[in-house]
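A.B. asks: Here it is, the structure in full.
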Amino acid sequence: MKKLVELKSVYAGYNDEVILTDVSLDIYDNDFIGIIGPNGGGKTTLLKVILGLIKPYKGTVKFYTNDTHKRNKIGYLPQFNKIDQKFPIKVIDIVLSGLIFGNKLFFKYSKSDYTKACDTLKRIGISNLKDYPVGALSGGQLQKVLLARALISSPRLLILDEPNTYVDNQFEGELYKILEELNNEMAIIIVSHDIGTIASYIKTIACVNRSLHYHKSNKITEAQLASYNCPIKLITHGEVPHTVLSKHNH
Amino acid sequence: MLAELFEYKFIVNSLLAGILASISCGIIGTYIVTRRMVFLSGGITHASFGGIGIGYYFGFNPVIAAAIFAVFSALGIEFLSKKTDVREDSVIGILWSLGMAIGIIFVFITPGYAPNLMTYLFGSILTVSTLDIILMAIVSVVIILIFIFFYHTILFVAYDQEFAQTHKLPVNFINNLLISLVALTIVLNIKVVGIILVISLLTIPQSIANLFTNEFKNIIIISIVIGLIGALMGLLISYQINIPSGASIIFSLVIFFILAKMFQIIKHKILLKINA
Ligand SMILES: Nc1ncnc2c1ncn2[C@@H]1O[C@H](COP(=O)(O)OP(=O)(O)OP(=O)(O)O)[C@@H](O)[C@H]1O
Ligand SMILES: [Mg+2]
């Protein structure tokens, strides 16, 4: 187990308003963390701090990777794509862009990059969309393309902000299978409101509601959630083994 | 008769201006349209009038003064909308009118009559000087090289800035570089079609191209070709019936747009009939 990222007493927010208070978190190379919490609790903010998109007011974010030149550190699937659906770009080019990283201006794709992009599309099951213009995609299809873009560089850490938002139930199941596989090669952080469904895949749970409570198990009770200041209803769906979630025990 | 025409240096200059305008506007216009920066570009265009006025007053080349003024306005808009919480379109609106006001003041207090002021407002490709051509050529070559070598980075940043940022790309540098090129392209093409019309040179060819392709690279290439045909046709009309070249060029482009749209509609109808 190697440490990948270390957050130490981080305070962060927007326009001088503090959203996250005193957050400390260590992420290791084989972690699979599920982040839960109410709307506006600061889940996306926390991810942005890890991604370096937001500078903390106080505290430090440290990366422990030495192979940064060969491998992109973080793959990211944003929650809302503010992306312009009319932008003239093809699916394959979006996926390829996941391979561009570093403080450089000049990039050229190799044949193997192209093969990698095709393989990634295949893995997500959207090879048929390869040459589609992005404007012709549905919300769920675009979500899959963006997932492929996040995956293609085999990052050390994969960050997914509510990846199940637009996709159908069938793909959601496939997605978690893919993530389970990927977890052998990389750490994964996933934000979800559907703790019941993800509970059997994730290893640990982080409750984010203006501050962070890290629960080092994938089993959690409503009482524990309440004590974490994270009042989330535990709703389990049909196929999920009920042992994962124990109900409130009086 | 054509041979006679070509003897005149100003005809050659205006042809060169037309070619260079279609290249720079073809590439930069595609960037502007796909990034939805049309309003921003309108702001830069009008703000640059401030530079023209200052150039007049202090007696140096108005195009160069406008270029400097436009680049700083563009970077200013970029900076103010990023670093402060003022809305970007409000910043643009303010700089738009501020530039115009400065221009009007300086033109007004310049002693004597400002002879080619109309050239800047309505454009006149026939008055393009050799210095203008050289500047346009330099900027066009720079734009071509930057878009060839940095193509993937530019496209990536334009498509999704936040993601590019998480990949540690030089997002700010690319944005500032491109917005400066937008400002330079606008100013150097003002002589060709005028302040009032330059924005259409940056958007109509792209709108036509976008009817036929959905790929950034192809929009650039088709826009350049369409811009070129429009410039040549506009030039011919301008010369034949003696109207300002800016208006005739834009008029030609709009006619192309209508024709292209009609072609597309008819094609769709025919396809539907075949499939039925
Ligand atoms: N760009 C921003 N500028 C200012 N405030 C913001 C910004 N983004 C988020 N906030 C504020 O920060 C708080 C936390 O937002 P965040 O997006 O991190 O919540 P979240 O836990 O991801 O919620 P959700 O479940 O709805 O996605 C909210 O109160 C929100 O209003
Ligand atoms: Mg969120």
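Naming works like this for the structure tokens: A, B, ... for the chains as they're shown, residue 1 at the start of each chain, ligands 1 onward in shown order.
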Given a cut-off of 7 Å, which residues of chain B touch chain A, counting only C-alpha atoms, written out as an NGL selection string?

C.D. replies: :B and (34 or 149-150 or 152-153 or 156 or 159-160 or 166-170 or 214-216)

A.B. asks: For ligand 1, return the neighbouring residues as a PyMOL selection string (distance at most 6 Å; only C-alpha atoms and all ligand atoms).

C.D. replies: chain A and resi 14+19+38-45

A.B. asks: Give me, as CSV, each residue of stretch 157-232 of chain B that comes within 7 Å of stretch 69-74 of chain B, together with its shortest interatomic pair and the distance in Å at one decimal, counting only C-alpha atoms, with rows ordered by chain and rising residue number.

C.D. replies:
residue,atom,partner,partner_atom,distance
B:Ile179,CA,B:Ala74,CA,6.3
B:Ser180,CA,B:Val71,CA,5.2
B:Ala183,CA,B:Val71,CA,5.3
B:Leu184,CA,B:Val71,CA,6.8

A.B. asks: Save out the residues we just selected, N, CA, C and O atoms, as a PDB file, in the first residue's frame.

C.D. replies:
ATOM      1  N   ILE B 179      -6.416  34.880 -27.596  1.00  0.00           N
ATOM      2  CA  ILE B 179      -7.208  36.100 -27.586  1.00  0.00           C
ATOM      3  C   ILE B 179      -6.402  37.262 -28.177  1.00  0.00           C
ATOM      4  O   ILE B 179      -6.964  38.143 -28.837  1.00  0.00           O
ATOM      5  N   SER B 180      -5.095  37.233 -28.016  1.00  0.00           N
ATOM      6  CA  SER B 180      -4.264  38.251 -28.654  1.00  0.00           C
ATOM      7  C   SER B 180      -4.322  38.094 -30.176  1.00  0.00           C
ATOM      8  O   SER B 180      -4.391  39.082 -30.907  1.00  0.00           O
ATOM      9  N   ALA B 183      -7.505  39.515 -31.420  1.00  0.00           N
ATOM     10  CA  ALA B 183      -7.459  40.977 -31.483  1.00  0.00           C
ATOM     11  C   ALA B 183      -6.673  41.447 -32.708  1.00  0.00           C
ATOM     12  O   ALA B 183      -7.113  42.340 -33.438  1.00  0.00           O
ATOM     13  N   LEU B 184      -5.513  40.818 -32.957  1.00  0.00           N
ATOM     14  CA  LEU B 184      -4.690  41.226 -34.102  1.00  0.00           C
ATOM     15  C   LEU B 184      -5.411  40.961 -35.420  1.00  0.00           C
ATOM     16  O   LEU B 184      -5.400  41.788 -36.333  1.00  0.00           O
TER      17      LEU B 184
END

A.B. asks: At what distance in Å, to one decimal, does atom CA of B:Ile186 lie from atom CA of B:Ile148?

C.D. replies: 20.5 Å

A.B. asks: Which residues come within 10 Å of B:Leu201, counting only C-alpha atoms, excluding same-chain residues fewer than 6 positions away, as a PyMOL selection string?

C.D. replies: chain B and resi 21-22+24-26+29+186+189+192-193+223+227+230-231+246+249-250+253

A.B. asks: Give me, as a ChimeraX atom specification, all polymer residues having an atom no more than 6 Å from A:Met186, counting only C-alpha atoms and skipping those fewer than 3 positions away in the same chain.

C.D. replies: /A:30,156-157,183

A.B. asks: Pick out the residues sitting within 7 Å of stretch 41-55 of chain B, and hand them over as a VMD selection string; count only C-alpha atoms, and ignore anything fewer than 2 positions along from it in its own chain.

C.D. replies: chain B and resid 37 to 39 57 to 63 65 to 66 69 to 70 73 to 74 92 to 93 95 to 100 102 to 104 106 to 107 183 186 to 187 195 199

A.B. asks: One decimal, Å: what's the distance from atom CA of A:Asp161 over to atom CA of A:Ser192, could you say?

C.D. replies: 7.3 Å

A.B. asks: Identify which of the residues B:Ser207, B:Ser200, B:Ser248, B:Ser14 lies closest to B:Thr127, counting only C-alpha atoms when measuring atom-to-atom distances.

C.D. replies: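 Closest to B:Thr127 of all the choices is B:Ser14.
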
A.B. asks: Do you know which residues are at most 10 Å from A:Tyr176 counting only C-alpha atoms, after dropping those on the same chain fewer than 3 positions away, and could you put them as a list in words?

C.D. replies: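 Once the adjacent positions are removed, what remains is Asn164, Phe171, Glu172, Gly173, Leu179, Glu180, Glu181, Leu182, Thr197, Ile198, Ser200, Tyr201 and Ile202 of chain A.
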
A.B. asks: Would you work out the distance separating atom CA of B:Leu178 from atom CA of B:Gly123, expressed in Å to one decimal?

C.D. replies: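 Rounded to one decimal, the two atoms are 24.4 Å apart.
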
A.B. asks: Find the residue from A:Gln224, A:Thr204, A:Ser217, A:Gln143 that sits nearest to A:Phe32; use only C-alpha atoms when measuring.

C.D. replies: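 Closest to A:Phe32, using only C-alpha atoms: A:Thr204.
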
A.B. asks: Determine the nearest neighbour of A:Ala226 from the options A:Ser153, A:Gly37, A:Gly196, A:Leu147, counting only C-alpha atoms.

C.D. replies: A:Gly37

A.B. asks: Among stretch 107-204 of chain B, which residues does DSSP mark as helix (DSSP H, G or I) when it is run on the backbone? Keep the chain and numbering as in the structure and answer as a PyMOL selection string.

C.D. replies: chain B and resi 107-109+117-122+125-127+130-149+151-159+161-166+171-193+198-201+204
